[in-house]
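Shown next: input04.cif, containing mmCIF, C-alpha atoms.
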```cif
data_run
loop_
_atom_site.label_atom_id
_atom_site.label_comp_id
_atom_site.auth_asym_id
_atom_site.auth_seq_id
_atom_site.Cartn_x
_atom_site.Cartn_y
_atom_site.Cartn_z
CA MET A 1 -67.00 158.85 -45.73
CA ILE A 2 -66.12 155.81 -43.63
CA ILE A 3 -67.48 152.46 -44.77
CA LEU A 4 -67.38 149.12 -42.97
CA GLY A 5 -67.95 146.33 -45.48
CA VAL A 6 -68.42 142.65 -44.76
CA ASP A 7 -68.90 139.56 -46.86
CA SER A 8 -70.04 136.14 -45.68
CA SER A 9 -71.89 135.02 -48.79
CA SER A 10 -69.66 131.99 -49.33
CA ALA A 11 -67.10 129.87 -47.50
CA ALA A 12 -64.77 132.89 -47.59
CA GLY A 13 -65.42 135.68 -45.11
CA SER A 14 -63.98 139.16 -44.86
CA ALA A 15 -64.36 142.58 -43.30
CA ALA A 16 -62.85 145.87 -44.45
CA VAL A 17 -62.83 149.54 -43.53
CA SER A 18 -62.37 152.33 -46.06
CA ARG A 19 -62.21 156.11 -45.73
CA ASP A 20 -63.10 158.30 -48.73
CA GLY A 21 -62.42 155.44 -51.13
CA GLU A 22 -59.08 154.45 -49.56
CA LEU A 23 -58.80 151.00 -48.02
CA LEU A 24 -57.68 151.27 -44.38
CA TYR A 25 -57.75 147.59 -43.48
CA GLU A 26 -59.06 144.27 -44.72
CA ALA A 27 -59.21 140.88 -43.00
CA TYR A 28 -59.97 137.93 -45.27
CA ALA A 29 -60.03 134.19 -44.62
CA ASN A 30 -61.30 131.24 -46.60
CA GLU A 31 -61.71 128.69 -43.86
CA GLY A 32 -65.23 127.31 -44.33
CA LEU A 33 -68.57 128.39 -42.95
CA THR A 34 -67.51 129.57 -39.52
CA HIS A 35 -68.76 133.12 -39.97
CA SER A 36 -70.91 133.06 -36.86
CA GLN A 37 -67.71 132.70 -34.83
CA THR A 38 -65.33 134.82 -36.89
CA LEU A 39 -67.10 137.65 -38.68
CA LEU A 40 -67.68 139.91 -35.69
CA VAL A 41 -64.07 139.39 -34.60
CA ARG A 42 -62.94 140.47 -38.08
CA CYS A 43 -65.13 143.59 -37.94
CA ASP A 44 -63.64 144.49 -34.57
CA GLU A 45 -60.15 143.93 -35.96
CA ALA A 46 -60.86 146.08 -39.03
CA ILE A 47 -62.30 148.91 -36.93
CA ARG A 48 -59.40 148.88 -34.46
CA ALA A 49 -56.70 148.51 -37.10
CA GLY A 50 -58.35 151.24 -39.17
CA GLY A 51 -57.97 153.53 -36.18
CA ILE A 52 -61.66 154.37 -35.98
CA SER A 53 -64.52 153.57 -33.61
CA PRO A 54 -67.89 152.01 -34.58
CA GLY A 55 -69.64 155.36 -34.15
CA ASP A 56 -67.45 156.84 -36.92
CA VAL A 57 -68.84 154.47 -39.55
CA ASP A 58 -71.08 156.33 -42.03
CA VAL A 59 -72.16 153.29 -44.03
CA PHE A 60 -72.46 149.64 -43.00
CA ALA A 61 -72.26 147.52 -46.13
CA VAL A 62 -72.85 143.81 -46.70
CA THR A 63 -73.15 141.43 -49.62
CA SER A 64 -76.89 140.82 -49.87
CA GLY A 65 -76.81 137.71 -52.07
CA PRO A 66 -77.02 135.43 -53.86
CA GLY A 67 -75.00 133.08 -51.73
CA SER A 68 -74.97 130.67 -48.83
CA PHE A 69 -78.28 130.88 -46.94
CA THR A 70 -76.67 130.75 -43.51
CA GLY A 71 -73.80 133.00 -44.53
CA LEU A 72 -76.09 135.74 -45.85
CA ARG A 73 -78.17 135.69 -42.69
CA ILE A 74 -75.08 136.05 -40.51
CA GLY A 75 -73.76 139.02 -42.52
CA MET A 76 -77.18 140.69 -42.65
CA GLY A 77 -77.82 140.19 -38.94
CA LEU A 78 -74.44 141.58 -38.01
CA ILE A 79 -74.65 144.68 -40.23
CA LYS A 80 -78.26 145.41 -39.29
CA GLY A 81 -77.39 145.12 -35.61
CA MET A 82 -74.49 147.56 -35.82
CA ALA A 83 -76.44 150.03 -37.98
CA PHE A 84 -79.40 149.91 -35.58
CA ALA A 85 -77.08 150.76 -32.73
CA THR A 86 -75.41 153.76 -34.38
CA GLY A 87 -78.23 154.87 -36.69
CA ALA A 88 -75.90 154.88 -39.72
CA LYS A 89 -77.07 153.99 -43.23
CA CYS A 90 -76.71 150.56 -44.84
CA ALA A 91 -75.78 149.31 -48.29
CA GLY A 92 -76.91 145.92 -49.53
CA VAL A 93 -74.37 145.10 -52.24
CA SER A 94 -75.29 142.42 -54.77
CA THR A 95 -72.79 139.55 -54.63
CA PHE A 96 -72.53 139.86 -58.43
CA LEU A 97 -71.61 143.54 -58.19
CA ALA A 98 -69.05 142.89 -55.44
CA LEU A 99 -67.45 140.23 -57.67
CA ALA A 100 -67.32 142.54 -60.70
CA GLU A 101 -66.16 145.63 -58.77
CA PRO A 102 -62.39 144.88 -58.96
CA LEU A 103 -62.70 144.94 -62.76
CA LYS A 104 -64.53 148.22 -63.06
CA ASP A 105 -61.55 149.89 -64.73
CA SER A 106 -60.80 146.93 -67.00
CA GLY A 107 -62.80 148.19 -70.00
CA ARG A 108 -64.05 144.65 -70.41
CA ASP A 109 -67.33 142.77 -70.30
CA ILE A 110 -67.66 140.84 -67.04
CA LEU A 111 -69.84 137.81 -66.50
CA THR A 112 -70.41 136.92 -62.85
CA VAL A 113 -71.47 133.36 -62.11
CA LEU A 114 -72.46 131.66 -58.87
CA ASP A 115 -73.32 128.04 -58.25
CA ALA A 116 -77.08 127.42 -58.56
CA ARG A 117 -76.46 123.66 -58.27
CA GLN A 118 -77.26 120.88 -60.73
CA ARG A 119 -75.06 122.36 -63.45
CA ARG A 120 -76.81 125.70 -63.36
CA ALA A 121 -75.38 129.16 -62.87
CA TYR A 122 -76.87 132.17 -61.20
CA CYS A 123 -75.55 134.98 -63.37
CA ALA A 124 -75.44 138.66 -64.20
CA ALA A 125 -73.17 140.63 -66.52
CA TYR A 126 -71.61 144.07 -66.43
CA ARG A 127 -69.72 146.26 -68.87
CA SER A 128 -66.85 148.36 -67.62
CA GLU A 129 -67.09 151.80 -69.20
CA ASN A 130 -65.20 154.91 -68.06
CA GLY A 131 -64.44 153.35 -64.69
CA GLU A 132 -68.07 152.43 -64.03
CA LEU A 133 -69.98 149.18 -64.16
CA LYS A 134 -73.11 149.09 -66.28
CA LYS A 135 -75.36 146.06 -65.91
CA VAL A 136 -75.89 144.44 -69.31
CA MET A 137 -77.54 141.17 -68.23
CA ASP A 138 -80.09 140.97 -65.42
CA GLU A 139 -79.81 138.35 -62.70
CA CYS A 140 -81.02 134.99 -63.97
CA VAL A 141 -80.53 131.26 -63.62
CA LEU A 142 -79.14 129.35 -66.58
CA PRO A 143 -78.07 125.77 -67.21
CA PHE A 144 -74.38 125.68 -68.19
CA SER A 145 -75.45 124.58 -71.68
CA GLU A 146 -77.28 127.90 -72.22
CA LEU A 147 -74.52 130.21 -71.00
CA ASN A 148 -73.05 130.68 -74.46
CA ASP A 149 -76.36 131.70 -76.07
CA ALA A 150 -77.16 134.03 -73.18
CA SER A 151 -73.72 135.61 -73.39
CA ARG A 152 -74.19 136.21 -77.12
CA THR A 153 -77.74 137.57 -76.67
CA ALA A 154 -76.47 140.03 -74.07
CA GLY A 155 -73.82 141.14 -76.59
CA LEU A 156 -70.91 140.18 -74.36
CA ASN A 157 -67.56 140.44 -76.06
CA ALA A 158 -64.84 138.05 -74.76
CA PRO A 159 -66.15 138.36 -71.19
CA LEU A 160 -63.97 137.93 -68.12
CA VAL A 161 -65.71 135.32 -65.97
CA VAL A 162 -65.68 135.70 -62.18
CA GLY A 163 -67.41 133.90 -59.30
CA ASP A 164 -67.27 130.59 -57.47
CA ILE A 165 -67.92 128.44 -60.56
CA SER A 166 -66.11 130.72 -63.01
CA ALA A 167 -63.49 128.12 -63.98
CA GLU A 168 -66.05 125.62 -65.20
CA ALA A 169 -68.62 128.12 -66.51
CA SER A 170 -66.06 129.93 -68.67
CA SER A 171 -65.35 126.73 -70.60
CA TYR A 172 -68.91 126.83 -71.97
CA ILE A 173 -68.63 130.31 -73.49
CA ASP A 174 -66.87 131.06 -76.77
CA GLY A 175 -64.07 133.56 -76.27
CA ALA A 176 -64.62 133.83 -72.51
CA GLU A 177 -61.67 134.24 -70.19
CA TYR A 178 -61.44 132.76 -66.70
CA ALA A 179 -60.43 135.67 -64.50
CA GLY A 180 -58.40 133.51 -62.07
CA ASP A 181 -58.59 131.88 -58.67
CA ASP A 182 -58.49 135.10 -56.67
CA MET A 183 -61.60 136.33 -58.49
CA ARG A 184 -63.77 133.45 -57.36
CA PHE A 185 -64.82 134.94 -54.03
CA VAL A 186 -65.78 138.39 -52.81
CA HIS A 187 -63.28 140.49 -50.89
CA ALA A 188 -64.82 142.96 -48.46
CA ARG A 189 -62.77 145.90 -49.77
CA TYR A 190 -64.88 145.71 -52.94
CA VAL A 191 -68.06 145.68 -50.86
CA CYS A 192 -66.81 149.02 -49.50
CA GLU A 193 -66.03 150.29 -53.01
CA ALA A 194 -69.43 149.28 -54.39
CA ALA A 195 -71.14 150.81 -51.36
CA GLY A 196 -69.26 154.07 -52.02
CA SER A 197 -70.69 154.17 -55.56
CA MET A 198 -74.15 153.34 -54.22
CA ALA A 199 -73.90 156.22 -51.74
CA GLU A 200 -73.12 158.63 -54.61
CA LYS A 201 -76.20 157.37 -56.45
CA GLY A 202 -78.46 157.68 -53.39
CA GLN A 203 -78.94 153.90 -53.13
CA LEU A 204 -78.37 153.51 -49.40
CA CYS A 205 -81.09 152.29 -47.06
CA SER A 206 -81.86 152.05 -43.37
CA ALA A 207 -81.15 148.97 -41.26
CA GLU A 208 -84.89 148.17 -41.35
CA GLU A 209 -84.98 148.33 -45.14
CA LEU A 210 -81.93 146.14 -45.73
CA ARG A 211 -83.02 142.83 -47.28
CA PRO A 212 -81.16 139.71 -48.37
CA PHE A 213 -81.43 138.45 -51.93
CA TYR A 214 -81.38 134.71 -51.44
CA LEU A 215 -80.16 132.39 -54.12
CA GLN A 216 -83.46 130.89 -55.15
CA LEU A 217 -84.97 129.84 -58.40
CA SER A 218 -88.22 131.60 -59.05
CA GLN A 219 -90.98 129.51 -60.52
CA ALA A 220 -90.78 131.59 -63.70
CA GLU A 221 -87.12 130.78 -64.16
CA ARG A 222 -87.76 127.13 -63.53
CA ASN A 223 -90.55 127.11 -66.10
CA ARG A 224 -88.35 128.82 -68.63
CA ILE A 225 -85.58 126.28 -68.18
CA GLN A 226 -88.09 123.46 -68.51
CA SER A 227 -89.73 124.86 -71.66
CA ASN A 228 -86.33 125.46 -73.26
CA ARG A 229 -85.48 121.83 -72.60
CA GLU A 230 -88.73 120.64 -74.11
CA GLU A 231 -88.24 122.83 -77.18
CA LYS A 232 -84.82 121.30 -77.74
CA GLN A 233 -86.19 117.79 -77.39
CA THR A 234 -88.91 118.29 -80.00
CA MET B 1 -72.06 101.72 -57.72
CA ASN B 2 -72.15 98.46 -55.76
CA THR B 3 -75.39 97.19 -54.28
CA TYR B 4 -75.41 95.27 -50.99
CA ARG B 5 -78.47 93.58 -49.54
CA PHE B 6 -79.00 92.69 -45.87
CA THR B 7 -81.83 91.26 -43.81
CA THR B 8 -82.27 92.18 -40.15
CA SER B 9 -84.80 90.69 -37.78
CA SER B 10 -84.96 93.36 -35.05
CA GLN B 11 -84.41 97.05 -34.44
CA ALA B 12 -81.22 96.15 -32.56
CA GLU B 13 -79.88 94.34 -35.62
CA THR B 14 -80.72 97.30 -37.85
CA GLU B 15 -78.78 99.53 -35.45
CA GLU B 16 -75.89 97.08 -35.46
CA LEU B 17 -75.78 97.22 -39.26
CA GLY B 18 -75.72 101.03 -39.09
CA LYS B 19 -72.82 100.81 -36.68
CA LYS B 20 -70.78 98.67 -39.07
CA PHE B 21 -71.72 100.88 -41.99
CA SER B 22 -70.40 103.94 -40.11
CA GLU B 23 -66.83 102.70 -40.64
CA TYR B 24 -67.11 103.60 -44.31
CA LEU B 25 -68.23 107.17 -43.80
CA GLU B 26 -65.99 110.08 -44.65
CA PRO B 27 -66.38 113.86 -44.48
CA GLY B 28 -68.58 114.88 -47.40
CA THR B 29 -70.47 111.59 -47.70
CA LEU B 30 -74.14 112.24 -48.54
CA VAL B 31 -76.50 109.41 -47.63
CA ALA B 32 -80.07 109.29 -48.99
CA MET B 33 -82.41 107.03 -47.07
CA TYR B 34 -85.71 105.70 -48.38
CA GLY B 35 -88.40 103.78 -46.55
CA ASP B 36 -91.89 104.00 -45.08
CA LEU B 37 -92.83 105.27 -41.66
CA GLY B 38 -91.41 102.87 -39.06
CA ALA B 39 -89.13 101.13 -41.56
CA GLY B 40 -86.06 101.77 -39.42
CA LYS B 41 -84.35 104.79 -40.98
CA THR B 42 -83.83 106.41 -37.60
CA ALA B 43 -82.71 103.12 -36.03
CA PHE B 44 -80.12 102.73 -38.77
CA THR B 45 -78.95 106.32 -38.28
CA ARG B 46 -78.77 105.78 -34.51
CA GLY B 47 -76.48 102.81 -35.15
CA VAL B 48 -74.31 104.95 -37.42
CA LEU B 49 -74.01 107.59 -34.68
CA ARG B 50 -73.16 104.96 -32.05
CA GLY B 51 -70.43 103.72 -34.41
CA LEU B 52 -69.07 107.26 -34.68
CA GLY B 53 -68.90 107.50 -30.89
CA TYR B 54 -72.09 109.42 -30.04
CA ASP B 55 -74.01 107.95 -27.11
CA CYS B 56 -76.67 110.69 -26.89
CA THR B 57 -80.37 110.40 -27.70
CA VAL B 58 -81.02 110.08 -31.42
CA SER B 59 -84.45 110.86 -32.83
CA SER B 60 -85.81 111.86 -36.18
CA PRO B 61 -85.66 115.67 -36.67
CA THR B 62 -89.17 115.85 -38.14
CA PHE B 63 -89.81 119.32 -36.77
CA ALA B 64 -86.28 120.67 -36.40
CA ILE B 65 -85.51 119.44 -39.98
CA VAL B 66 -81.87 118.91 -39.00
CA ASN B 67 -79.95 117.68 -35.98
CA GLU B 68 -76.21 118.18 -35.86
CA TYR B 69 -73.84 115.82 -34.10
CA ARG B 70 -70.37 117.18 -33.47
CA GLY B 71 -67.35 115.89 -31.62
CA GLY B 72 -67.29 112.20 -32.60
CA ARG B 73 -65.01 110.49 -35.11
CA LEU B 74 -66.90 112.41 -37.76
CA ASP B 75 -69.41 115.29 -37.59
CA LEU B 76 -72.82 114.33 -38.92
CA ALA B 77 -75.93 116.28 -39.96
CA HIS B 78 -79.16 114.27 -39.76
CA PHE B 79 -81.93 115.70 -41.97
CA ASP B 80 -85.57 114.72 -42.14
CA MET B 81 -87.03 115.81 -45.49
CA TYR B 82 -90.58 114.78 -44.59
CA ARG B 83 -91.81 118.38 -44.61
CA ILE B 84 -89.67 119.60 -47.52
CA SER B 85 -91.34 119.84 -50.91
CA SER B 86 -89.22 122.11 -53.08
CA GLU B 87 -85.66 123.11 -53.80
CA ASP B 88 -86.32 126.63 -52.49
CA GLU B 89 -87.61 125.27 -49.19
CA LEU B 90 -84.57 123.06 -48.88
CA TYR B 91 -82.27 126.01 -49.57
CA GLY B 92 -84.06 127.86 -46.75
CA THR B 93 -83.04 125.18 -44.25
CA GLY B 94 -79.36 125.85 -44.94
CA PHE B 95 -79.03 122.31 -46.34
CA TYR B 96 -76.57 123.26 -49.06
CA ASP B 97 -74.21 124.78 -46.51
CA TYR B 98 -73.82 121.32 -44.97
CA LEU B 99 -72.44 119.95 -48.25
CA ASP B 100 -69.11 121.72 -47.86
CA GLY B 101 -67.23 118.46 -47.38
CA SER B 102 -66.63 118.92 -43.66
CA MET B 103 -69.18 116.37 -42.40
CA ALA B 104 -71.37 113.41 -43.35
CA VAL B 105 -74.98 114.23 -44.21
CA PHE B 106 -77.85 111.75 -43.70
CA MET B 107 -81.28 112.38 -45.17
CA GLU B 108 -84.48 110.62 -44.19
CA TRP B 109 -87.41 110.86 -46.64
CA SER B 110 -85.08 111.42 -49.58
CA GLU B 111 -88.11 110.69 -51.78
CA ASN B 112 -88.96 114.37 -51.27
CA VAL B 113 -85.66 115.74 -52.55
CA PRO B 114 -84.76 113.79 -55.73
CA PHE B 115 -82.98 116.90 -57.04
CA VAL B 116 -80.10 116.56 -54.56
CA VAL B 117 -79.43 112.87 -55.20
CA ASP B 118 -76.79 112.04 -57.80
CA ASP B 119 -74.36 109.26 -58.73
CA ALA B 120 -72.07 110.02 -55.81
CA THR B 121 -74.87 109.78 -53.25
CA VAL B 122 -75.01 106.66 -51.08
CA LYS B 123 -78.55 105.23 -51.19
CA ILE B 124 -80.13 103.12 -48.46
CA ARG B 125 -83.54 101.55 -49.00
CA ILE B 126 -85.24 99.93 -46.03
CA GLU B 127 -88.30 97.77 -46.58
CA HIS B 128 -90.71 96.11 -44.16
CA GLY B 129 -90.76 92.33 -44.17
CA LYS B 130 -92.78 90.04 -41.95
CA GLY B 131 -92.90 91.15 -38.29
CA ASP B 132 -89.69 92.93 -37.38
CA THR B 133 -87.84 91.71 -40.43
CA ARG B 134 -86.35 94.39 -42.66
CA THR B 135 -84.60 94.23 -46.00
CA ILE B 136 -81.89 96.85 -46.26
CA GLU B 137 -80.32 97.63 -49.60
CA ILE B 138 -77.26 99.85 -49.76
CA ASP B 139 -75.87 101.42 -52.94
CA PHE B 140 -72.30 102.39 -52.21
CA PRO B 141 -69.83 103.94 -54.68
CA LYS B 142 -66.97 101.73 -53.53
CA GLU B 143 -66.51 98.20 -52.20
CA ILE B 144 -67.45 97.55 -48.63
CA SER B 145 -67.53 94.32 -46.63
CA PHE B 146 -69.39 93.39 -43.47
#
```
The structure given in the file should be rewritten as structure tokens.
Amino acid sequence: MIILGVDSSSAAGSAAVSRDGELLYEAYANEGLTHSQTLLVRCDEAIRAGGISPGDVDVFAVTSGPGSFTGLRIGMGLIKGMAFATGAKCAGVSTFLALAEPLKDSGRDILTVLDARQRRAYCAAYRSENGELKKVMDECVLPFSELNDASRTAGLNAPLVVGDISAEASSYIDGAEYAGDDMRFVHARYVCEAAGSMAEKGQLCSAEELRPFYLQLSQAERNRIQSNREEKQT
Amino acid sequence: MNTYRFTTSSQAETEELGKKFSEYLEPGTLVAMYGDLGAGKTAFTRGVLRGLGYDCTVSSPTFAIVNEYRGGRLDLAHFDMYRISSEDELYGTGFYDYLDGSMAVFMEWSENVPFVVDDATVKIRIEHGKGDTRTIEIDFPKEISF
């Protein structure tokens, strides 16, 4: 199976091609939000360097969010356009999953955190078991001050923290470990890997069905944060 | 934060003040403007853009939400928050992508987006006086002189 994966969910942008789980080529740059000018060029580069043609791609995969509003729309538009043209299937890979994917053989708990602004984190957590990632905390928005409680409630044990605000967020959690600078942003090869797992589980969709998951705070989450604050004040 | 107070007596003077103020702008500066309809927020911003070397038409992006100016001494994004009422709506304009430190960002009707204003934000309050007189108060994180 040939997968073209792209990520433009943050200031970093990348495109990769894999065949049957083997990475053929990856182009990655962290040069600011210039994806509208660079992402298609990177896809072209990955396809050429991988020695394939666009019609050979079985799955077009993209990080579906959370992330930069403009970035997500560029990645989505590009992947949908190519999949429409060839009729191939799509995979919308959660940005959280793409961040955790490199650690799927680590045997550790992984907390993925993305900037939700105003000292809040968009987060989700996974447990690496037998080379697979199992979600142990659903996507939610938390103030930094509540990360420790949430980590404990989810039963996370000395989690590795990844994502754009991982350095700061990890300092709020007892026993947490900052996974390092190169784990702050998604690399497209892991979008391909996650899409491969999704294909095995029958989680692919058509270009029409592919939807972004924007980084937004639902009213419910906002209310919960507010009521927690009020509880603490009283 | 240092507070500076100015009085201008015409739109041209308000623009002139904006022009001088533009010298202190750097990539990443976020400027929150406050003031009623017709107070002179757009005139001030026009002056800023003239100071940065843009001689094109400058109007308030009430419907476009944002106008981008590129190619001058500094790139600038000019937002009008008049029609924005929530953080989710603001996210949907791509606003947060403009805060990547590559350009200056000006916001009219900042009253509508208190959640993006913090200690590092430059604040400009423009108030109507008699006739064309305006009082302009600038909160700036560092010392400026003009």
Next item on the list: May I ask which of the residues A:Tyr28, A:Phe60, A:Phe69, A:Tyr126 is the closest one to chain B, counting only C-alpha atoms?
Entry: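 When distances to chain B are compared using only C-alpha atoms, the smallest one comes from A:Phe69.
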Check: By how many Å are atom CA of B:Asp119 and atom CA of B:Arg73 apart?
Finding: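 Distance between the two atoms: 25.4 Å.
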Could you pull the residues within 10 Å of stretch 31-39 of chain B, counting only C-alpha atoms, minus those fewer than 3 positions along the same chain, as a compact mmCIF listing (two decimals) with C-alpha atoms, keeping the file's coordinate frame?
```txt
# COMPACT_ATOMS: atom_id res chain seq x y z
CA GLN B 11 -84.41 97.05 -34.44
CA THR B 14 -80.72 97.30 -37.85
CA LEU B 25 -68.23 107.17 -43.80
CA GLY B 28 -68.58 114.88 -47.40
CA THR B 42 -83.83 106.41 -37.60
CA ALA B 43 -82.71 103.12 -36.03
CA PHE B 44 -80.12 102.73 -38.77
CA THR B 45 -78.95 106.32 -38.28
CA HIS B 78 -79.16 114.27 -39.76
CA PHE B 79 -81.93 115.70 -41.97
CA ASP B 80 -85.57 114.72 -42.14
CA ALA B 104 -71.37 113.41 -43.35
CA VAL B 105 -74.98 114.23 -44.21
CA PHE B 106 -77.85 111.75 -43.70
CA MET B 107 -81.28 112.38 -45.17
CA GLU B 108 -84.48 110.62 -44.19
CA TRP B 109 -87.41 110.86 -46.64
CA SER B 110 -85.08 111.42 -49.58
CA GLU B 111 -88.11 110.69 -51.78
CA ASN B 112 -88.96 114.37 -51.27
CA VAL B 113 -85.66 115.74 -52.55
CA PRO B 114 -84.76 113.79 -55.73
CA VAL B 116 -80.10 116.56 -54.56
CA VAL B 117 -79.43 112.87 -55.20
CA ASP B 118 -76.79 112.04 -57.80
CA ALA B 120 -72.07 110.02 -55.81
CA THR B 121 -74.87 109.78 -53.25
CA VAL B 122 -75.01 106.66 -51.08
CA LYS B 123 -78.55 105.23 -51.19
CA ILE B 124 -80.13 103.12 -48.46
CA ARG B 125 -83.54 101.55 -49.00
CA ILE B 126 -85.24 99.93 -46.03
CA GLU B 127 -88.30 97.77 -46.58
CA HIS B 128 -90.71 96.11 -44.16
CA GLY B 129 -90.76 92.33 -44.17
CA ASP B 132 -89.69 92.93 -37.38
CA THR B 133 -87.84 91.71 -40.43
CA ARG B 134 -86.35 94.39 -42.66
CA THR B 135 -84.60 94.23 -46.00
CA ILE B 136 -81.89 96.85 -46.26
CA GLU B 137 -80.32 97.63 -49.60
CA ILE B 138 -77.26 99.85 -49.76
CA ASP B 139 -75.87 101.42 -52.94
CA PHE B 140 -72.30 102.39 -52.21
```
Checklist line | Shell around stretch 14-23 of chain A at 10 Å using all atoms listed in the file, local window under 5 positions removed, as a PyMOL selection string | finding: chain A and resi 1-9+28-30+35+38-52+57-58+60-62+186-197
Residues just named, written with C-alpha atoms as a PDB file, keeping the file's coordinate frame:
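Below is the file that was written, selection_22.pdb:
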```pdb
ATOM      1  CA  MET A   1     -67.000 158.850 -45.730  1.00  0.00           C
ATOM      2  CA  ILE A   2     -66.120 155.810 -43.630  1.00  0.00           C
ATOM      3  CA  ILE A   3     -67.480 152.460 -44.770  1.00  0.00           C
ATOM      4  CA  LEU A   4     -67.380 149.120 -42.970  1.00  0.00           C
ATOM      5  CA  GLY A   5     -67.950 146.330 -45.480  1.00  0.00           C
ATOM      6  CA  VAL A   6     -68.420 142.650 -44.760  1.00  0.00           C
ATOM      7  CA  ASP A   7     -68.900 139.560 -46.860  1.00  0.00           C
ATOM      8  CA  SER A   8     -70.040 136.140 -45.680  1.00  0.00           C
ATOM      9  CA  SER A   9     -71.890 135.020 -48.790  1.00  0.00           C
ATOM     10  CA  TYR A  28     -59.970 137.930 -45.270  1.00  0.00           C
ATOM     11  CA  ALA A  29     -60.030 134.190 -44.620  1.00  0.00           C
ATOM     12  CA  ASN A  30     -61.300 131.240 -46.600  1.00  0.00           C
ATOM     13  CA  HIS A  35     -68.760 133.120 -39.970  1.00  0.00           C
ATOM     14  CA  THR A  38     -65.330 134.820 -36.890  1.00  0.00           C
ATOM     15  CA  LEU A  39     -67.100 137.650 -38.680  1.00  0.00           C
ATOM     16  CA  LEU A  40     -67.680 139.910 -35.690  1.00  0.00           C
ATOM     17  CA  VAL A  41     -64.070 139.390 -34.600  1.00  0.00           C
ATOM     18  CA  ARG A  42     -62.940 140.470 -38.080  1.00  0.00           C
ATOM     19  CA  CYS A  43     -65.130 143.590 -37.940  1.00  0.00           C
ATOM     20  CA  ASP A  44     -63.640 144.490 -34.570  1.00  0.00           C
ATOM     21  CA  GLU A  45     -60.150 143.930 -35.960  1.00  0.00           C
ATOM     22  CA  ALA A  46     -60.860 146.080 -39.030  1.00  0.00           C
ATOM     23  CA  ILE A  47     -62.300 148.910 -36.930  1.00  0.00           C
ATOM     24  CA  ARG A  48     -59.400 148.880 -34.460  1.00  0.00           C
ATOM     25  CA  ALA A  49     -56.700 148.510 -37.100  1.00  0.00           C
ATOM     26  CA  GLY A  50     -58.350 151.240 -39.170  1.00  0.00           C
ATOM     27  CA  GLY A  51     -57.970 153.530 -36.180  1.00  0.00           C
ATOM     28  CA  ILE A  52     -61.660 154.370 -35.980  1.00  0.00           C
ATOM     29  CA  VAL A  57     -68.840 154.470 -39.550  1.00  0.00           C
ATOM     30  CA  ASP A  58     -71.080 156.330 -42.030  1.00  0.00           C
ATOM     31  CA  PHE A  60     -72.460 149.640 -43.000  1.00  0.00           C
ATOM     32  CA  ALA A  61     -72.260 147.520 -46.130  1.00  0.00           C
ATOM     33  CA  VAL A  62     -72.850 143.810 -46.700  1.00  0.00           C
ATOM     34  CA  VAL A 186     -65.780 138.390 -52.810  1.00  0.00           C
ATOM     35  CA  HIS A 187     -63.280 140.490 -50.890  1.00  0.00           C
ATOM     36  CA  ALA A 188     -64.820 142.960 -48.460  1.00  0.00           C
ATOM     37  CA  ARG A 189     -62.770 145.900 -49.770  1.00  0.00           C
ATOM     38  CA  TYR A 190     -64.880 145.710 -52.940  1.00  0.00           C
ATOM     39  CA  VAL A 191     -68.060 145.680 -50.860  1.00  0.00           C
ATOM     40  CA  CYS A 192     -66.810 149.020 -49.500  1.00  0.00           C
ATOM     41  CA  GLU A 193     -66.030 150.290 -53.010  1.00  0.00           C
ATOM     42  CA  ALA A 194     -69.430 149.280 -54.390  1.00  0.00           C
ATOM     43  CA  ALA A 195     -71.140 150.810 -51.360  1.00  0.00           C
ATOM     44  CA  GLY A 196     -69.260 154.070 -52.020  1.00  0.00           C
ATOM     45  CA  SER A 197     -70.690 154.170 -55.560  1.00  0.00           C
TER      46      SER A 197
END
```
Contact check, chain B to chain A, at most 10 Å, counting all atoms listed in the file, closest pairs as a tab-separated table:
```
residue	atom	partner	partner_atom	distance
B:Glu87	CA	A:Leu217	CA	8.2
B:Asp88	CA	A:Gln216	CA	5.8
B:Glu89	CA	A:Gln216	CA	9.2
B:Tyr91	CA	A:Phe69	CA	6.8
B:Gly92	CA	A:Phe69	CA	6.5
B:Thr93	CA	A:Phe69	CA	7.9
B:Gly94	CA	A:Phe69	CA	5.5
B:Phe95	CA	A:Phe69	CA	8.6
B:Tyr96	CA	A:Ser68	CA	7.6
B:Asp97	CA	A:Ser68	CA	6.4
B:Tyr98	CA	A:Leu33	CA	9.0
B:Asp100	CA	A:Gly32	CA	7.7
B:Gly101	CA	A:Gly32	CA	9.6
B:Ser102	CA	A:Gly32	CA	8.5
B:Phe115	CA	A:Gln118	CA	7.9
B:Val116	CA	A:Gln118	CA	8.0
B:Val117	CA	A:Gln118	CA	10.0
B:Asp118	CA	A:Gln118	CA	9.3
```
Could you save the residues just selected, with C-alpha atoms, as a JSON list (two decimals), in the coordinates of the input?
```
[["chain", "number", "residue", "atom", "x", "y", "z"],
["B", 87, "GLU", "CA", -85.66, 123.11, -53.80],
["B", 88, "ASP", "CA", -86.32, 126.63, -52.49],
["B", 89, "GLU", "CA", -87.61, 125.27, -49.19],
["B", 91, "TYR", "CA", -82.27, 126.01, -49.57],
["B", 92, "GLY", "CA", -84.06, 127.86, -46.75],
["B", 93, "THR", "CA", -83.04, 125.18, -44.25],
["B", 94, "GLY", "CA", -79.36, 125.85, -44.94],
["B", 95, "PHE", "CA", -79.03, 122.31, -46.34],
["B", 96, "TYR", "CA", -76.57, 123.26, -49.06],
["B", 97, "ASP", "CA", -74.21, 124.78, -46.51],
["B", 98, "TYR", "CA", -73.82, 121.32, -44.97],
["B", 100, "ASP", "CA", -69.11, 121.72, -47.86],
["B", 101, "GLY", "CA", -67.23, 118.46, -47.38],
["B", 102, "SER", "CA", -66.63, 118.92, -43.66],
["B", 115, "PHE", "CA", -82.98, 116.90, -57.04],
["B", 116, "VAL", "CA", -80.10, 116.56, -54.56],
["B", 117, "VAL", "CA", -79.43, 112.87, -55.20],
["B", 118, "ASP", "CA", -76.79, 112.04, -57.80]]
```
